[in-house]
file entry.cif (mmCIF, N, CA and C atoms)
data_final
#
loop_
_atom_site.label_atom_id
_atom_site.label_comp_id
_atom_site.auth_asym_id
_atom_site.auth_seq_id
_atom_site.Cartn_x
_atom_site.Cartn_y
_atom_site.Cartn_z
N MET G 1 26.32 12.20 4.33
CA MET G 1 25.40 11.21 3.80
C MET G 1 25.04 10.20 4.88
N HIS G 2 24.98 10.61 6.10
CA HIS G 2 24.57 9.71 7.15
C HIS G 2 23.05 9.73 7.26
N GLY G 3 22.50 8.70 7.84
CA GLY G 3 21.06 8.64 8.04
C GLY G 3 20.29 8.03 6.89
N PHE G 4 20.98 7.51 5.87
CA PHE G 4 20.26 6.94 4.76
C PHE G 4 19.53 5.65 5.13
N SER G 5 19.99 4.96 6.16
CA SER G 5 19.34 3.71 6.52
C SER G 5 18.07 3.94 7.32
N GLN G 6 17.84 5.17 7.79
CA GLN G 6 16.63 5.47 8.55
C GLN G 6 15.56 6.00 7.60
N TYR G 7 14.33 5.57 7.80
CA TYR G 7 13.22 6.06 7.00
C TYR G 7 12.81 7.42 7.54
N THR G 8 12.64 8.38 6.65
CA THR G 8 12.32 9.73 7.09
C THR G 8 10.84 10.06 6.89
N GLU G 9 10.18 9.43 5.99
CA GLU G 9 8.78 9.70 5.71
C GLU G 9 7.99 8.41 5.79
N PRO G 10 6.69 8.48 6.09
CA PRO G 10 5.89 7.25 6.18
C PRO G 10 5.83 6.48 4.86
N TRP G 11 5.89 7.19 3.75
CA TRP G 11 5.80 6.50 2.45
C TRP G 11 7.17 6.04 1.96
N ASP G 12 8.23 6.40 2.64
CA ASP G 12 9.58 6.02 2.23
C ASP G 12 9.89 4.64 2.79
N ILE G 13 9.28 3.61 2.19
CA ILE G 13 9.36 2.27 2.76
C ILE G 13 10.52 1.46 2.20
N MET G 14 10.99 1.78 1.02
CA MET G 14 12.04 0.97 0.43
C MET G 14 12.81 1.81 -0.58
N GLN G 15 14.10 1.73 -0.50
CA GLN G 15 14.96 2.34 -1.49
C GLN G 15 15.79 1.22 -2.10
N ILE G 16 16.24 1.41 -3.31
CA ILE G 16 17.01 0.37 -3.99
C ILE G 16 18.30 0.07 -3.22
N ARG G 17 18.82 1.05 -2.50
CA ARG G 17 20.05 0.80 -1.74
C ARG G 17 19.80 -0.12 -0.55
N ASP G 18 18.54 -0.32 -0.15
CA ASP G 18 18.21 -1.22 0.95
C ASP G 18 18.21 -2.69 0.53
N LEU G 19 18.24 -2.95 -0.77
CA LEU G 19 18.18 -4.33 -1.25
C LEU G 19 19.58 -4.81 -1.60
N PRO G 20 19.91 -6.04 -1.53
CA PRO G 20 19.08 -7.13 -1.02
C PRO G 20 19.05 -7.12 0.51
N TYR G 21 17.99 -7.65 1.06
CA TYR G 21 17.87 -7.75 2.50
C TYR G 21 18.85 -8.79 3.03
N PRO G 22 19.18 -8.72 4.31
CA PRO G 22 20.08 -9.73 4.89
C PRO G 22 19.44 -11.12 4.82
N ASP G 23 20.27 -12.12 4.88
CA ASP G 23 19.80 -13.51 4.83
C ASP G 23 18.85 -13.77 6.01
N PRO G 24 17.62 -14.23 5.73
CA PRO G 24 16.65 -14.44 6.81
C PRO G 24 16.88 -15.70 7.62
N GLY G 25 17.79 -16.55 7.21
CA GLY G 25 18.06 -17.78 7.95
C GLY G 25 17.58 -19.00 7.19
N VAL G 26 17.52 -20.10 7.89
CA VAL G 26 17.14 -21.38 7.28
C VAL G 26 15.63 -21.54 7.36
N PRO G 27 14.95 -21.73 6.22
CA PRO G 27 13.50 -21.89 6.26
C PRO G 27 13.08 -23.26 6.79
N ASP G 28 11.88 -23.31 7.33
CA ASP G 28 11.30 -24.56 7.81
C ASP G 28 10.61 -25.22 6.62
N VAL G 29 11.26 -26.22 6.03
CA VAL G 29 10.74 -26.86 4.82
C VAL G 29 10.20 -28.27 5.09
N ARG G 30 9.79 -28.52 6.32
CA ARG G 30 9.25 -29.85 6.63
C ARG G 30 7.91 -30.10 5.95
N SER G 31 7.18 -29.02 5.66
CA SER G 31 5.93 -29.14 4.92
C SER G 31 5.61 -27.78 4.29
N GLY G 32 4.68 -27.78 3.36
CA GLY G 32 4.28 -26.53 2.71
C GLY G 32 3.71 -25.51 3.68
N PRO G 33 2.76 -25.92 4.54
CA PRO G 33 2.22 -24.95 5.49
C PRO G 33 3.26 -24.38 6.45
N ARG G 34 4.21 -25.22 6.89
CA ARG G 34 5.25 -24.71 7.80
C ARG G 34 6.14 -23.70 7.09
N PHE G 35 6.44 -23.96 5.82
CA PHE G 35 7.25 -23.00 5.06
C PHE G 35 6.50 -21.68 4.91
N LEU G 36 5.20 -21.75 4.56
CA LEU G 36 4.43 -20.52 4.40
C LEU G 36 4.31 -19.76 5.71
N TYR G 37 4.17 -20.47 6.83
CA TYR G 37 4.13 -19.82 8.13
C TYR G 37 5.46 -19.12 8.43
N TRP G 38 6.57 -19.79 8.15
CA TRP G 38 7.89 -19.20 8.36
C TRP G 38 8.05 -17.95 7.48
N LEU G 39 7.65 -18.07 6.22
CA LEU G 39 7.78 -16.95 5.29
C LEU G 39 6.92 -15.78 5.73
N GLY G 40 5.67 -16.05 6.10
CA GLY G 40 4.77 -14.98 6.54
C GLY G 40 5.24 -14.31 7.81
N ARG G 41 5.77 -15.09 8.74
CA ARG G 41 6.26 -14.53 9.99
C ARG G 41 7.44 -13.60 9.74
N ASN G 42 8.30 -13.94 8.79
CA ASN G 42 9.46 -13.10 8.48
C ASN G 42 9.08 -11.85 7.70
N GLN G 43 7.91 -11.84 7.07
CA GLN G 43 7.50 -10.70 6.25
C GLN G 43 6.30 -9.97 6.84
N LEU G 44 6.06 -10.12 8.13
CA LEU G 44 4.85 -9.57 8.74
C LEU G 44 4.75 -8.06 8.57
N GLY G 45 5.83 -7.33 8.80
CA GLY G 45 5.79 -5.87 8.65
C GLY G 45 5.45 -5.45 7.23
N GLY G 46 6.08 -6.09 6.26
CA GLY G 46 5.80 -5.77 4.86
C GLY G 46 4.38 -6.14 4.46
N GLN G 47 3.89 -7.25 5.01
CA GLN G 47 2.52 -7.66 4.69
C GLN G 47 1.51 -6.67 5.25
N LEU G 48 1.76 -6.15 6.45
CA LEU G 48 0.85 -5.16 7.03
C LEU G 48 0.88 -3.85 6.25
N LYS G 49 2.06 -3.46 5.77
CA LYS G 49 2.14 -2.26 4.91
C LYS G 49 1.37 -2.48 3.62
N SER G 50 1.53 -3.65 3.02
CA SER G 50 0.79 -3.95 1.79
C SER G 50 -0.71 -3.95 2.04
N LEU G 51 -1.12 -4.51 3.17
CA LEU G 51 -2.54 -4.52 3.52
C LEU G 51 -3.08 -3.11 3.64
N SER G 52 -2.34 -2.23 4.29
CA SER G 52 -2.80 -0.85 4.48
C SER G 52 -2.91 -0.11 3.16
N TRP G 53 -1.89 -0.21 2.32
CA TRP G 53 -1.94 0.48 1.03
C TRP G 53 -3.01 -0.12 0.12
N GLY G 54 -3.17 -1.44 0.17
CA GLY G 54 -4.21 -2.08 -0.63
C GLY G 54 -5.60 -1.67 -0.17
N LEU G 55 -5.77 -1.50 1.14
CA LEU G 55 -7.05 -1.05 1.67
C LEU G 55 -7.37 0.37 1.20
N LEU G 56 -6.38 1.25 1.22
CA LEU G 56 -6.58 2.61 0.71
C LEU G 56 -6.98 2.57 -0.77
N HIS G 57 -6.27 1.77 -1.55
CA HIS G 57 -6.56 1.65 -2.98
C HIS G 57 -7.99 1.14 -3.22
N GLN G 58 -8.36 0.07 -2.55
CA GLN G 58 -9.68 -0.52 -2.76
C GLN G 58 -10.81 0.38 -2.26
N CYS G 59 -10.58 1.09 -1.16
CA CYS G 59 -11.61 2.02 -0.68
C CYS G 59 -11.80 3.17 -1.67
N GLY G 60 -10.71 3.62 -2.28
CA GLY G 60 -10.82 4.66 -3.30
C GLY G 60 -11.60 4.17 -4.51
N VAL G 61 -11.32 2.96 -4.95
CA VAL G 61 -12.05 2.39 -6.09
C VAL G 61 -13.53 2.19 -5.75
N ALA G 62 -13.79 1.68 -4.55
CA ALA G 62 -15.17 1.42 -4.14
C ALA G 62 -15.97 2.70 -3.96
N GLY G 63 -15.30 3.81 -3.65
CA GLY G 63 -16.00 5.06 -3.43
C GLY G 63 -16.34 5.83 -4.71
N LEU G 64 -15.73 5.48 -5.83
CA LEU G 64 -15.97 6.21 -7.07
C LEU G 64 -17.44 6.19 -7.52
N PRO G 65 -18.16 5.06 -7.44
CA PRO G 65 -19.58 5.11 -7.82
C PRO G 65 -20.40 6.08 -6.96
N LEU G 66 -20.05 6.23 -5.70
CA LEU G 66 -20.74 7.19 -4.84
C LEU G 66 -20.51 8.61 -5.36
N GLY G 67 -19.28 8.94 -5.71
CA GLY G 67 -18.98 10.27 -6.24
C GLY G 67 -19.71 10.54 -7.54
N VAL G 68 -19.76 9.56 -8.42
CA VAL G 68 -20.46 9.73 -9.70
C VAL G 68 -21.96 9.88 -9.44
N GLY G 69 -22.50 9.10 -8.53
CA GLY G 69 -23.92 9.21 -8.19
C GLY G 69 -24.26 10.57 -7.62
N LEU G 70 -23.39 11.09 -6.74
CA LEU G 70 -23.62 12.43 -6.20
C LEU G 70 -23.55 13.50 -7.29
N ALA G 71 -22.65 13.32 -8.26
CA ALA G 71 -22.54 14.27 -9.37
C ALA G 71 -23.79 14.25 -10.22
N VAL G 72 -24.28 13.07 -10.53
CA VAL G 72 -25.51 12.96 -11.34
C VAL G 72 -26.69 13.58 -10.59
N GLN G 73 -26.80 13.30 -9.31
CA GLN G 73 -27.89 13.87 -8.53
C GLN G 73 -27.79 15.38 -8.45
N ALA G 74 -26.56 15.91 -8.34
CA ALA G 74 -26.38 17.36 -8.30
C ALA G 74 -26.80 18.00 -9.62
N VAL G 75 -26.54 17.34 -10.74
CA VAL G 75 -26.97 17.87 -12.04
C VAL G 75 -28.49 17.85 -12.13
N VAL G 76 -29.11 16.76 -11.69
CA VAL G 76 -30.57 16.67 -11.70
C VAL G 76 -31.19 17.76 -10.83
N ASP G 77 -30.57 18.02 -9.68
CA ASP G 77 -31.08 19.04 -8.74
C ASP G 77 -30.65 20.45 -9.13
N ARG G 78 -29.81 20.59 -10.16
CA ARG G 78 -29.25 21.88 -10.60
C ARG G 78 -28.53 22.59 -9.45
N SER G 79 -27.70 21.81 -8.76
CA SER G 79 -26.96 22.32 -7.61
C SER G 79 -25.48 22.44 -7.97
N GLY G 80 -25.04 23.68 -8.11
CA GLY G 80 -23.62 23.92 -8.43
C GLY G 80 -22.71 23.52 -7.29
N SER G 81 -23.14 23.81 -6.07
CA SER G 81 -22.30 23.44 -4.92
C SER G 81 -22.23 21.93 -4.76
N GLY G 82 -23.34 21.24 -5.02
CA GLY G 82 -23.34 19.78 -4.95
C GLY G 82 -22.44 19.17 -6.00
N LEU G 83 -22.44 19.77 -7.19
CA LEU G 83 -21.58 19.28 -8.27
C LEU G 83 -20.11 19.53 -7.94
N ALA G 84 -19.81 20.68 -7.35
CA ALA G 84 -18.44 20.97 -6.95
C ALA G 84 -17.97 19.99 -5.86
N PHE G 85 -18.85 19.70 -4.91
CA PHE G 85 -18.51 18.73 -3.87
C PHE G 85 -18.24 17.35 -4.47
N ALA G 86 -19.11 16.93 -5.40
CA ALA G 86 -18.93 15.62 -6.04
C ALA G 86 -17.63 15.58 -6.83
N GLY G 87 -17.31 16.66 -7.52
CA GLY G 87 -16.06 16.72 -8.27
C GLY G 87 -14.85 16.64 -7.35
N ALA G 88 -14.92 17.35 -6.23
CA ALA G 88 -13.81 17.30 -5.26
C ALA G 88 -13.68 15.90 -4.66
N LEU G 89 -14.80 15.25 -4.39
CA LEU G 89 -14.78 13.89 -3.85
C LEU G 89 -14.17 12.93 -4.86
N ILE G 90 -14.55 13.04 -6.11
CA ILE G 90 -14.00 12.17 -7.15
C ILE G 90 -12.49 12.41 -7.29
N ALA G 91 -12.06 13.67 -7.23
CA ALA G 91 -10.62 13.96 -7.32
C ALA G 91 -9.88 13.37 -6.13
N LEU G 92 -10.44 13.51 -4.94
CA LEU G 92 -9.81 12.95 -3.74
C LEU G 92 -9.72 11.42 -3.83
N LEU G 93 -10.79 10.80 -4.31
CA LEU G 93 -10.76 9.34 -4.47
C LEU G 93 -9.75 8.92 -5.54
N GLY G 94 -9.60 9.73 -6.58
CA GLY G 94 -8.59 9.44 -7.60
C GLY G 94 -7.18 9.49 -7.03
N VAL G 95 -6.92 10.46 -6.16
CA VAL G 95 -5.62 10.54 -5.50
C VAL G 95 -5.40 9.32 -4.61
N ALA G 96 -6.46 8.91 -3.89
CA ALA G 96 -6.35 7.72 -3.02
C ALA G 96 -6.05 6.48 -3.84
N VAL G 97 -6.70 6.34 -4.99
CA VAL G 97 -6.46 5.18 -5.86
C VAL G 97 -5.02 5.20 -6.38
N ALA G 98 -4.57 6.34 -6.87
CA ALA G 98 -3.22 6.42 -7.44
C ALA G 98 -2.15 6.19 -6.37
N LEU G 99 -2.30 6.84 -5.23
CA LEU G 99 -1.32 6.69 -4.16
C LEU G 99 -1.33 5.26 -3.61
N GLY G 100 -2.52 4.74 -3.35
CA GLY G 100 -2.63 3.38 -2.81
C GLY G 100 -2.06 2.34 -3.76
N ASP G 101 -2.35 2.48 -5.04
CA ASP G 101 -1.87 1.50 -6.02
C ASP G 101 -0.35 1.58 -6.19
N THR G 102 0.18 2.79 -6.24
CA THR G 102 1.63 2.95 -6.38
C THR G 102 2.37 2.36 -5.19
N MET G 103 1.92 2.70 -3.99
CA MET G 103 2.61 2.21 -2.80
C MET G 103 2.37 0.72 -2.58
N LEU G 104 1.19 0.22 -2.96
CA LEU G 104 0.95 -1.22 -2.89
C LEU G 104 1.92 -1.96 -3.78
N HIS G 105 2.16 -1.45 -4.97
CA HIS G 105 3.12 -2.08 -5.87
C HIS G 105 4.52 -2.09 -5.25
N ARG G 106 4.92 -0.98 -4.66
CA ARG G 106 6.26 -0.91 -4.04
C ARG G 106 6.39 -1.92 -2.91
N THR G 107 5.37 -2.02 -2.06
CA THR G 107 5.48 -2.97 -0.94
C THR G 107 5.41 -4.40 -1.44
N ALA G 108 4.62 -4.66 -2.49
CA ALA G 108 4.54 -6.02 -3.03
C ALA G 108 5.87 -6.43 -3.62
N VAL G 109 6.52 -5.53 -4.34
CA VAL G 109 7.82 -5.85 -4.93
C VAL G 109 8.87 -6.06 -3.83
N THR G 110 8.80 -5.24 -2.78
CA THR G 110 9.73 -5.40 -1.66
C THR G 110 9.53 -6.74 -0.96
N ASN G 111 8.28 -7.14 -0.77
CA ASN G 111 8.02 -8.42 -0.12
C ASN G 111 8.49 -9.56 -0.98
#
call {"tool": "encode", "arguments": {"input": "entry.cif", "output": "structure tokens"}}
result
Amino acid sequence: MHGFSQYTEPWDIMQIRDLPYPDPGVPDVRSGPRFLYWLGRNQLGGQLKSLSWGLLHQCGVAGLPLGVGLAVQAVVDRSGSGLAFAGALIALLGVAVALGDTMLHRTAVTN
């Protein structure tokens, strides 16, 4: 059972056995902005992971109207191949939304 502390896959960002994290030290509480800067600096890696997964999720959501528009146009043009392409695009965007949202939630909870 060695190697559990090493991440083996890109999506394997947090396991319950990794929590709680070690004590991050004494926060800078002289003012609100200084505290937020200290907190953000200590969570930079997690914030970048959240940003990446959130970007995947939002791009998938934003692309769905394009897929639906291509499907409608393919039906108007009576193009079976165009409709198949639009269906595949919508399925791919659905996977991006589901994966991005799931992993965004995991990174947000970890942060």
call {"tool": "residues_around", "arguments": {"input": "entry.cif", "residues": "segment 84-99 of chain G", "least_positions_apart": "5", "cutoff": "7 Å", "atoms": "all atoms listed in the file", "output": "list of chain:residue names"}}
result
G:Trp53, G:Leu56, G:His57, G:Gln58, G:Cys59, G:Gly60, G:Val61, G:Gly63, G:Leu64, G:Gly67, G:Val68, G:Leu70, G:Ala71, G:Ser79, G:Leu104
call {"tool": "resolve_selection", "arguments": {"input": "entry.cif", "expression": "the PyMOL selection byres ((chain G and resi 41-51) around 8)", "output": "PyMOL selection string"}}
result
chain G and resi 24+35-40+52-57+103-108+110-111
call {"tool": "write_last_selection", "arguments": {"input": "entry.cif", "atoms": "N, CA and C atoms", "output": "compact mmCIF listing (two decimals), in the frame of the given file"}}
result
# COMPACT_ATOMS: atom_id res chain seq x y z
N PRO G 24 17.62 -14.23 5.73
CA PRO G 24 16.65 -14.44 6.81
C PRO G 24 16.88 -15.70 7.62
N PHE G 35 6.44 -23.96 5.82
CA PHE G 35 7.25 -23.00 5.06
C PHE G 35 6.50 -21.68 4.91
N LEU G 36 5.20 -21.75 4.56
CA LEU G 36 4.43 -20.52 4.40
C LEU G 36 4.31 -19.76 5.71
N TYR G 37 4.17 -20.47 6.83
CA TYR G 37 4.13 -19.82 8.13
C TYR G 37 5.46 -19.12 8.43
N TRP G 38 6.57 -19.79 8.15
CA TRP G 38 7.89 -19.20 8.36
C TRP G 38 8.05 -17.95 7.48
N LEU G 39 7.65 -18.07 6.22
CA LEU G 39 7.78 -16.95 5.29
C LEU G 39 6.92 -15.78 5.73
N GLY G 40 5.67 -16.05 6.10
CA GLY G 40 4.77 -14.98 6.54
C GLY G 40 5.24 -14.31 7.81
N SER G 52 -2.34 -2.23 4.29
CA SER G 52 -2.80 -0.85 4.48
C SER G 52 -2.91 -0.11 3.16
N TRP G 53 -1.89 -0.21 2.32
CA TRP G 53 -1.94 0.48 1.03
C TRP G 53 -3.01 -0.12 0.12
N GLY G 54 -3.17 -1.44 0.17
CA GLY G 54 -4.21 -2.08 -0.63
C GLY G 54 -5.60 -1.67 -0.17
N LEU G 55 -5.77 -1.50 1.14
CA LEU G 55 -7.05 -1.05 1.67
C LEU G 55 -7.37 0.37 1.20
N LEU G 56 -6.38 1.25 1.22
CA LEU G 56 -6.58 2.61 0.71
C LEU G 56 -6.98 2.57 -0.77
N HIS G 57 -6.27 1.77 -1.55
CA HIS G 57 -6.56 1.65 -2.98
C HIS G 57 -7.99 1.14 -3.22
N MET G 103 1.92 2.70 -3.99
CA MET G 103 2.61 2.21 -2.80
C MET G 103 2.37 0.72 -2.58
N LEU G 104 1.19 0.22 -2.96
CA LEU G 104 0.95 -1.22 -2.89
C LEU G 104 1.92 -1.96 -3.78
N HIS G 105 2.16 -1.45 -4.97
CA HIS G 105 3.12 -2.08 -5.87
C HIS G 105 4.52 -2.09 -5.25
N ARG G 106 4.92 -0.98 -4.66
CA ARG G 106 6.26 -0.91 -4.04
C ARG G 106 6.39 -1.92 -2.91
N THR G 107 5.37 -2.02 -2.06
CA THR G 107 5.48 -2.97 -0.94
C THR G 107 5.41 -4.40 -1.44
N ALA G 108 4.62 -4.66 -2.49
CA ALA G 108 4.54 -6.02 -3.03
C ALA G 108 5.87 -6.43 -3.62
N THR G 110 8.80 -5.24 -2.78
CA THR G 110 9.73 -5.40 -1.66
C THR G 110 9.53 -6.74 -0.96
N ASN G 111 8.28 -7.14 -0.77
CA ASN G 111 8.02 -8.42 -0.12
C ASN G 111 8.49 -9.56 -0.98
call {"tool": "axis_aligned_box", "arguments": {"input": "entry.cif", "around": "segment 103-108 of chain G", "padding_each_side": "4 Å", "output": "lines of an AutoDock Vina configuration file"}}
result
center_x = 3.7
center_y = -1.9
center_z = -3.4
size_x = 13.4
size_y = 17.1
size_z = 12.9
call {"tool": "atom_distance", "arguments": {"input": "entry.cif", "atom1": "atom C of Ala62 of chain G", "atom2": "atom C of Gly100 of chain G"}}
result
13.9 Å
call {"tool": "atom_distance", "arguments": {"input": "entry.cif", "atom1": "atom N of Val109 of chain G", "atom2": "atom C of Asp28 of chain G"}}
result
22.9 Å
call {"tool": "select_by_dssp", "arguments": {"input": "entry.cif", "residues": "chain G", "states": "alpha helix (DSSP H)", "output": "VMD selection string"}}
result
chain G and resid 32 to 42 44 to 76 80 to 110
call {"tool": "atom_distance", "arguments": {"input": "entry.cif", "atom1": "atom CA of Gly69 of chain G", "atom2": "atom C of Asp101 of chain G"}}
result
24.9 Å
call {"tool": "decode", "arguments": {"input": "entry.cif", "residues": "segment 70-80 of chain G", "atoms": "all heavy atoms", "output": "PDB file, in the first residue's frame"}}
result
ATOM      1  N   LEU G  70     -26.682  23.738 -34.878  1.00  0.00           N
ATOM      2  CA  LEU G  70     -26.217  22.876 -35.970  1.00  0.00           C
ATOM      3  C   LEU G  70     -27.198  21.737 -36.229  1.00  0.00           C
ATOM      4  O   LEU G  70     -27.425  21.342 -37.385  1.00  0.00           O
ATOM      5  CB  LEU G  70     -24.832  22.316 -35.645  1.00  0.00           C
ATOM      6  CG  LEU G  70     -23.675  23.309 -35.682  1.00  0.00           C
ATOM      7  CD1 LEU G  70     -22.395  22.650 -35.184  1.00  0.00           C
ATOM      8  CD2 LEU G  70     -23.480  23.853 -37.090  1.00  0.00           C
ATOM      9  N   ALA G  71     -27.801  21.197 -35.162  1.00  0.00           N
ATOM     10  CA  ALA G  71     -28.785  20.122 -35.325  1.00  0.00           C
ATOM     11  C   ALA G  71     -30.020  20.625 -36.045  1.00  0.00           C
ATOM     12  O   ALA G  71     -30.532  19.956 -36.961  1.00  0.00           O
ATOM     13  CB  ALA G  71     -29.154  19.541 -33.959  1.00  0.00           C
ATOM     14  N   VAL G  72     -30.504  21.789 -35.671  1.00  0.00           N
ATOM     15  CA  VAL G  72     -31.689  22.353 -36.338  1.00  0.00           C
ATOM     16  C   VAL G  72     -31.381  22.631 -37.815  1.00  0.00           C
ATOM     17  O   VAL G  72     -32.181  22.312 -38.705  1.00  0.00           O
ATOM     18  CB  VAL G  72     -32.162  23.636 -35.611  1.00  0.00           C
ATOM     19  CG1 VAL G  72     -33.210  24.369 -36.429  1.00  0.00           C
ATOM     20  CG2 VAL G  72     -32.698  23.284 -34.231  1.00  0.00           C
ATOM     21  N   GLN G  73     -30.217  23.188 -38.087  1.00  0.00           N
ATOM     22  CA  GLN G  73     -29.846  23.471 -39.467  1.00  0.00           C
ATOM     23  C   GLN G  73     -29.703  22.189 -40.272  1.00  0.00           C
ATOM     24  O   GLN G  73     -30.079  22.130 -41.448  1.00  0.00           O
ATOM     25  CB  GLN G  73     -28.543  24.269 -39.523  1.00  0.00           C
ATOM     26  CG  GLN G  73     -28.202  24.770 -40.902  1.00  0.00           C
ATOM     27  CD  GLN G  73     -29.242  25.741 -41.440  1.00  0.00           C
ATOM     28  OE1 GLN G  73     -29.671  26.652 -40.733  1.00  0.00           O
ATOM     29  NE2 GLN G  73     -29.663  25.531 -42.673  1.00  0.00           N
ATOM     30  N   ALA G  74     -29.168  21.130 -39.652  1.00  0.00           N
ATOM     31  CA  ALA G  74     -29.044  19.847 -40.348  1.00  0.00           C
ATOM     32  C   ALA G  74     -30.411  19.268 -40.685  1.00  0.00           C
ATOM     33  O   ALA G  74     -30.595  18.682 -41.762  1.00  0.00           O
ATOM     34  CB  ALA G  74     -28.242  18.864 -39.494  1.00  0.00           C
ATOM     35  N   VAL G  75     -31.387  19.434 -39.809  1.00  0.00           N
ATOM     36  CA  VAL G  75     -32.741  18.953 -40.087  1.00  0.00           C
ATOM     37  C   VAL G  75     -33.354  19.761 -41.229  1.00  0.00           C
ATOM     38  O   VAL G  75     -33.980  19.200 -42.145  1.00  0.00           O
ATOM     39  CB  VAL G  75     -33.623  19.017 -38.818  1.00  0.00           C
ATOM     40  CG1 VAL G  75     -35.089  18.784 -39.153  1.00  0.00           C
ATOM     41  CG2 VAL G  75     -33.140  18.003 -37.792  1.00  0.00           C
ATOM     42  N   VAL G  76     -33.173  21.069 -41.207  1.00  0.00           N
ATOM     43  CA  VAL G  76     -33.694  21.922 -42.282  1.00  0.00           C
ATOM     44  C   VAL G  76     -33.061  21.536 -43.618  1.00  0.00           C
ATOM     45  O   VAL G  76     -33.737  21.480 -44.656  1.00  0.00           O
ATOM     46  CB  VAL G  76     -33.445  23.416 -41.962  1.00  0.00           C
ATOM     47  CG1 VAL G  76     -33.717  24.298 -43.157  1.00  0.00           C
ATOM     48  CG2 VAL G  76     -34.288  23.846 -40.772  1.00  0.00           C
ATOM     49  N   ASP G  77     -31.762  21.242 -43.606  1.00  0.00           N
ATOM     50  CA  ASP G  77     -31.039  20.872 -44.830  1.00  0.00           C
ATOM     51  C   ASP G  77     -31.221  19.405 -45.197  1.00  0.00           C
ATOM     52  O   ASP G  77     -30.715  18.967 -46.238  1.00  0.00           O
ATOM     53  CB  ASP G  77     -29.545  21.153 -44.662  1.00  0.00           C
ATOM     54  CG  ASP G  77     -29.222  22.617 -44.528  1.00  0.00           C
ATOM     55  OD1 ASP G  77     -30.078  23.459 -44.898  1.00  0.00           O
ATOM     56  OD2 ASP G  77     -28.122  22.948 -44.047  1.00  0.00           O
ATOM     57  N   ARG G  78     -31.904  18.622 -44.352  1.00  0.00           N
ATOM     58  CA  ARG G  78     -32.094  17.174 -44.530  1.00  0.00           C
ATOM     59  C   ARG G  78     -30.750  16.455 -44.690  1.00  0.00           C
ATOM     60  O   ARG G  78     -30.561  15.622 -45.569  1.00  0.00           O
ATOM     61  CB  ARG G  78     -33.009  16.883 -45.714  1.00  0.00           C
ATOM     62  CG  ARG G  78     -34.399  17.418 -45.543  1.00  0.00           C
ATOM     63  CD  ARG G  78     -35.282  17.023 -46.696  1.00  0.00           C
ATOM     64  NE  ARG G  78     -36.585  17.631 -46.596  1.00  0.00           N
ATOM     65  CZ  ARG G  78     -37.622  17.102 -45.949  1.00  0.00           C
ATOM     66  NH1 ARG G  78     -37.478  15.961 -45.317  1.00  0.00           N
ATOM     67  NH2 ARG G  78     -38.783  17.706 -45.918  1.00  0.00           N
ATOM     68  N   SER G  79     -29.836  16.803 -43.793  1.00  0.00           N
ATOM     69  CA  SER G  79     -28.492  16.235 -43.820  1.00  0.00           C
ATOM     70  C   SER G  79     -28.320  15.273 -42.645  1.00  0.00           C
ATOM     71  O   SER G  79     -28.226  15.699 -41.487  1.00  0.00           O
ATOM     72  CB  SER G  79     -27.449  17.355 -43.740  1.00  0.00           C
ATOM     73  OG  SER G  79     -26.169  16.825 -43.526  1.00  0.00           O
ATOM     74  N   GLY G  80     -28.270  13.990 -42.971  1.00  0.00           N
ATOM     75  CA  GLY G  80     -28.078  12.981 -41.925  1.00  0.00           C
ATOM     76  C   GLY G  80     -26.703  13.066 -41.303  1.00  0.00           C
ATOM     77  O   GLY G  80     -26.544  12.921 -40.081  1.00  0.00           O
TER      78      GLY G  80
END
